[in-house]
Amino acid sequence: PSLSAKAVMAEILFETENYREAAQMFLQLTESPLADQFKLSSYQYRLAECYFHMGLYGESYDQFSRVRQAGHKTLEAEATLGMAMAALAQGNRSSSQAHLDILLLENEFYKTYARALYPLGIMLFQNAQYERSLEFLEKDITDPKNVYFAALAYRHLGKIPKALSYFQKLTQKFPGTVWAQRGLFEVAETYYQQQDFQLAYQSFQNWLNEFPNG
């Protein structure tokens with residue numbers, strides 16, 4: 001098939017979460033002689049995403065790095081975010097933080113970019129920068145992931161009433177979901193950490209009644 005047809009096929013595989021097969025096709029595309037360097041960078045970016053979803057974080061980081069080095073402004077910021085996430089996934093917090101700082105310095109827009117709020121917040125959370133993580137997580141509390149990690153951040157900061165209110169929000173706003181289950185458990189865990197053993201016992205009992213299979 002032509003390069004354009006192969007690119008469409010690879011994109012379909014990616015969108016249907018067939019990352020291994022998509023990676024094979026995007027790798028072939030990156031090795032094709034292309035006059036259009038932007039397309040080459042686009043294929044490298046998708047390949048990096050495939051590797052990330054496959055848990056190949058080192059390979060993912062390398063591909064994101066190539067995209068950033070190519071210097072296409074429309075892909076550079078996303079590649080920097082990808083490098084930060086891949087570095088964090090490898091346990092390299094200092095590298096992740098450095099890429100994150102570069103991203104926010106070069107792209108003020110990312111401080112309010114909806115798609116970036118959770119990854120930016122979670123990277124800061126993992127680096128124990130809880131106050132900064134809340135600046136991103138709390139910008140979209142319609143997303144249960146953001147609510148959950150905001151609650152954890154507040155608990156780390158010792159702001160227990162705020163943490164409990166967010167954990168309880170998960171059970172109220174997202175019933176029947178894994179986030180409601182986690183929220184109810186963390187209510188009990190928070191009371192336990194505060195040595196309020198009576199409320200902790202009651203809350204753990206509520207959790208077991210609501211989710212008997214854990």
# chains A, B, ... in the order shown; residues from 1 in each chain; ligands from 1

call {"tool": "residues_around", "arguments": {"residues": "stretch 19-27 of chain A", "least_positions_apart": "2", "cutoff": "8 Å", "atoms": "only C-alpha atoms", "output": "list of chain:residue names"}}
result
A:Lys6, A:Ala7, A:Ala10, A:Glu11, A:Leu13, A:Phe14, A:Glu17, A:Leu29, A:Thr30, A:Glu31, A:Tyr43, A:Gln44, A:Arg46, A:Leu47, A:Cys50, A:Tyr51, A:His53, A:Met54

call {"tool": "write_last_selection", "arguments": {"atoms": "N, CA, C and O atoms", "output": "tab-separated table (two decimals), in the first residue's frame"}}
result
chain	number	residue	atom	x	y	z
A	6	LYS	N	-0.93	3.33	4.30
A	6	LYS	CA	-0.32	2.66	5.46
A	6	LYS	C	-0.47	3.52	6.72
A	6	LYS	O	-0.70	3.01	7.81
A	7	ALA	N	-0.35	4.84	6.55
A	7	ALA	CA	-0.49	5.75	7.69
A	7	ALA	C	-1.91	5.69	8.25
A	7	ALA	O	-2.11	5.70	9.47
A	10	ALA	N	-2.30	2.43	10.12
A	10	ALA	CA	-1.61	2.51	11.41
A	10	ALA	C	-2.42	3.32	12.41
A	10	ALA	O	-2.51	2.97	13.60
A	11	GLU	N	-3.02	4.41	11.94
A	11	GLU	CA	-3.83	5.26	12.81
A	11	GLU	C	-5.06	4.51	13.32
A	11	GLU	O	-5.44	4.65	14.50
A	13	LEU	N	-5.29	1.27	13.75
A	13	LEU	CA	-4.80	0.32	14.75
A	13	LEU	C	-4.55	1.03	16.09
A	13	LEU	O	-4.86	0.50	17.16
A	14	PHE	N	-4.00	2.24	16.02
A	14	PHE	CA	-3.72	3.00	17.24
A	14	PHE	C	-5.03	3.36	17.95
A	14	PHE	O	-5.15	3.17	19.17
A	17	GLU	N	-6.57	0.66	19.88
A	17	GLU	CA	-5.70	0.19	20.96
A	17	GLU	C	-4.92	-1.07	20.61
A	17	GLU	O	-4.51	-1.83	21.49
A	29	LEU	N	6.95	3.30	8.72
A	29	LEU	CA	6.75	4.62	8.14
A	29	LEU	C	7.91	5.55	8.46
A	29	LEU	O	8.33	6.36	7.64
A	30	THR	N	8.45	5.46	9.69
A	30	THR	CA	9.58	6.32	10.06
A	30	THR	C	10.85	5.95	9.30
A	30	THR	O	11.76	6.78	9.18
A	31	GLU	N	10.90	4.73	8.80
A	31	GLU	CA	12.08	4.28	8.06
A	31	GLU	C	11.94	4.48	6.56
A	31	GLU	O	12.87	4.20	5.80
A	43	TYR	N	4.85	10.57	12.56
A	43	TYR	CA	4.90	9.12	12.72
A	43	TYR	C	5.75	8.75	13.93
A	43	TYR	O	5.41	7.81	14.67
A	44	GLN	N	6.85	9.46	14.15
A	44	GLN	CA	7.68	9.20	15.32
A	44	GLN	C	6.91	9.47	16.61
A	44	GLN	O	7.06	8.74	17.60
A	46	ARG	N	3.62	9.26	17.05
A	46	ARG	CA	2.67	8.17	17.26
A	46	ARG	C	3.40	6.90	17.72
A	46	ARG	O	2.90	6.16	18.59
A	47	LEU	N	4.57	6.65	17.16
A	47	LEU	CA	5.35	5.48	17.57
A	47	LEU	C	5.72	5.60	19.05
A	47	LEU	O	5.64	4.62	19.79
A	50	CYS	N	2.72	4.70	21.06
A	50	CYS	CA	2.52	3.24	21.05
A	50	CYS	C	3.45	2.58	22.07
A	50	CYS	O	3.01	1.74	22.87
A	51	TYR	N	4.71	2.95	22.02
A	51	TYR	CA	5.68	2.37	22.96
A	51	TYR	C	5.27	2.65	24.40
A	51	TYR	O	5.40	1.79	25.28
A	53	HIS	N	2.21	3.13	25.63
A	53	HIS	CA	1.08	2.26	25.98
A	53	HIS	C	1.51	0.81	26.15
A	53	HIS	O	0.87	0.05	26.90
A	54	MET	N	2.60	0.42	25.48
A	54	MET	CA	3.11	-0.95	25.58
A	54	MET	C	4.01	-1.13	26.80
A	54	MET	O	4.48	-2.24	27.06

call {"tool": "residues_around", "arguments": {"residues": "A:His72", "least_positions_apart": "5", "cutoff": "9 Å", "atoms": "only C-alpha atoms", "output": "MDAnalysis selection string"}}
result
chainID A and resid 38 41 67

call {"tool": "write_last_selection", "arguments": {"atoms": "C-alpha atoms", "output": "PDB file, in the first residue's frame"}}
result
ATOM      1  CA  PHE A  38       6.774  16.980   9.465  1.00  0.00           C
ATOM      2  CA  SER A  41       7.976  13.569  13.058  1.00  0.00           C
ATOM      3  CA  VAL A  67      10.377  14.622  17.753  1.00  0.00           C
TER       4      VAL A  67
END

call {"tool": "select_by_dssp", "arguments": {"residues": "chain A", "states": "helix (DSSP H, G or I)", "output": "ChimeraX atom specification"}}
result
/A:3-15,19-30,37-53,57-70,73-89,93-106,108-111,114-126,130-137,144-156,160-173,178-193,197-210

call {"tool": "residues_around", "arguments": {"residues": "A:Ala180", "least_positions_apart": "2", "cutoff": "10 Å", "atoms": "only C-alpha atoms", "output": "MDAnalysis selection string"}}
result
chainID A and resid 144 148 167:178 182:186 207 210:211

call {"tool": "atom_distance", "arguments": {"atom1": "atom CA of A:Tyr118", "atom2": "atom CA of A:Glu135"}}
result
10.6 Å

call {"tool": "residues_around", "arguments": {"residues": "A:Asn127", "least_positions_apart": "4", "cutoff": "12 Å", "atoms": "only C-alpha atoms", "output": "list in words"}}
result
Ala84, Ala87, Leu88, Gly91, Asn92, Arg93, Ser94, Ser95, Ser96, Gln97, Ala98, Leu100, Leu120, Gly121, Ile122, Met123, Glu131, Arg132, Ser133 and Ala153 of chain A

call {"tool": "decode", "arguments": {"residues": "stretch 179-191 of chain A", "atoms": "all heavy atoms", "output": "compact mmCIF listing (two decimals), in the first residue's frame"}}
result
# COMPACT_ATOMS: atom_id res chain seq x y z
N TRP A 179 -13.67 4.80 40.95
CA TRP A 179 -13.27 6.00 41.70
C TRP A 179 -14.12 6.15 42.96
O TRP A 179 -13.63 6.60 44.00
CB TRP A 179 -13.36 7.23 40.81
CG TRP A 179 -12.44 7.11 39.65
CD1 TRP A 179 -12.78 6.87 38.34
CD2 TRP A 179 -11.01 7.16 39.68
NE1 TRP A 179 -11.65 6.78 37.56
CE2 TRP A 179 -10.56 6.95 38.36
CE3 TRP A 179 -10.07 7.37 40.69
CZ2 TRP A 179 -9.20 6.95 38.03
CZ3 TRP A 179 -8.72 7.35 40.37
CH2 TRP A 179 -8.29 7.15 39.05
N ALA A 180 -15.39 5.77 42.88
CA ALA A 180 -16.25 5.78 44.07
C ALA A 180 -15.73 4.76 45.09
O ALA A 180 -15.69 5.03 46.30
CB ALA A 180 -17.68 5.46 43.68
N GLN A 181 -15.33 3.60 44.58
CA GLN A 181 -14.78 2.57 45.46
C GLN A 181 -13.50 3.06 46.15
O GLN A 181 -13.34 2.91 47.36
CB GLN A 181 -14.48 1.31 44.64
CG GLN A 181 -13.93 0.16 45.47
CD GLN A 181 -13.70 -1.09 44.63
OE1 GLN A 181 -14.07 -1.13 43.46
NE2 GLN A 181 -13.10 -2.10 45.22
N ARG A 182 -12.63 3.67 45.37
CA ARG A 182 -11.38 4.19 45.96
C ARG A 182 -11.67 5.31 46.95
O ARG A 182 -11.03 5.40 48.00
CB ARG A 182 -10.46 4.69 44.84
CG ARG A 182 -9.88 3.60 43.97
CD ARG A 182 -8.93 4.19 42.93
NE ARG A 182 -8.34 3.16 42.10
CZ ARG A 182 -7.43 3.39 41.15
NH1 ARG A 182 -7.00 4.63 40.94
NH2 ARG A 182 -6.94 2.40 40.44
N GLY A 183 -12.62 6.17 46.59
CA GLY A 183 -12.95 7.28 47.46
C GLY A 183 -13.45 6.81 48.81
O GLY A 183 -13.03 7.34 49.85
N LEU A 184 -14.36 5.83 48.79
CA LEU A 184 -14.92 5.33 50.04
C LEU A 184 -13.84 4.66 50.89
O LEU A 184 -13.81 4.82 52.12
CB LEU A 184 -16.05 4.34 49.74
CG LEU A 184 -16.99 3.97 50.90
CD1 LEU A 184 -17.61 5.21 51.52
CD2 LEU A 184 -18.07 3.02 50.41
N PHE A 185 -12.95 3.92 50.24
CA PHE A 185 -11.85 3.29 50.98
C PHE A 185 -10.94 4.34 51.61
O PHE A 185 -10.52 4.21 52.77
CB PHE A 185 -11.04 2.39 50.05
CG PHE A 185 -9.87 1.73 50.74
CD1 PHE A 185 -10.04 0.54 51.40
CD2 PHE A 185 -8.60 2.32 50.74
CE1 PHE A 185 -8.97 -0.08 52.07
CE2 PHE A 185 -7.54 1.72 51.39
CZ PHE A 185 -7.71 0.52 52.05
N GLU A 186 -10.64 5.40 50.84
CA GLU A 186 -9.71 6.41 51.35
C GLU A 186 -10.33 7.25 52.47
O GLU A 186 -9.61 7.79 53.30
CB GLU A 186 -9.23 7.32 50.22
CG GLU A 186 -8.36 6.62 49.18
CD GLU A 186 -7.07 6.07 49.74
OE1 GLU A 186 -6.66 6.48 50.85
OE2 GLU A 186 -6.45 5.23 49.07
N VAL A 187 -11.65 7.36 52.50
CA VAL A 187 -12.31 8.00 53.65
C VAL A 187 -11.94 7.22 54.92
O VAL A 187 -11.51 7.80 55.93
CB VAL A 187 -13.84 8.05 53.48
CG1 VAL A 187 -14.51 8.42 54.80
CG2 VAL A 187 -14.21 9.07 52.41
N ALA A 188 -12.10 5.90 54.85
CA ALA A 188 -11.77 5.05 55.99
C ALA A 188 -10.28 5.13 56.33
O ALA A 188 -9.90 5.24 57.50
CB ALA A 188 -12.17 3.61 55.70
N GLU A 189 -9.45 5.08 55.31
CA GLU A 189 -8.00 5.15 55.51
C GLU A 189 -7.58 6.47 56.15
O GLU A 189 -6.70 6.52 57.01
CB GLU A 189 -7.28 4.96 54.18
CG GLU A 189 -5.77 5.06 54.24
CD GLU A 189 -5.12 3.94 55.05
OE1 GLU A 189 -5.76 2.88 55.23
OE2 GLU A 189 -3.98 4.13 55.49
N THR A 190 -8.24 7.55 55.75
CA THR A 190 -7.92 8.87 56.31
C THR A 190 -8.27 8.92 57.80
O THR A 190 -7.47 9.41 58.61
CB THR A 190 -8.69 9.97 55.55
OG1 THR A 190 -8.33 9.92 54.17
CG2 THR A 190 -8.34 11.35 56.10
N TYR A 191 -9.44 8.42 58.14
CA TYR A 191 -9.81 8.39 59.56
C TYR A 191 -8.83 7.52 60.36
O TYR A 191 -8.45 7.86 61.49
CB TYR A 191 -11.23 7.85 59.74
CG TYR A 191 -12.32 8.84 59.38
CD1 TYR A 191 -13.37 8.49 58.55
CD2 TYR A 191 -12.29 10.14 59.90
CE1 TYR A 191 -14.38 9.39 58.23
CE2 TYR A 191 -13.29 11.05 59.58
CZ TYR A 191 -14.32 10.68 58.74
OH TYR A 191 -15.30 11.58 58.43
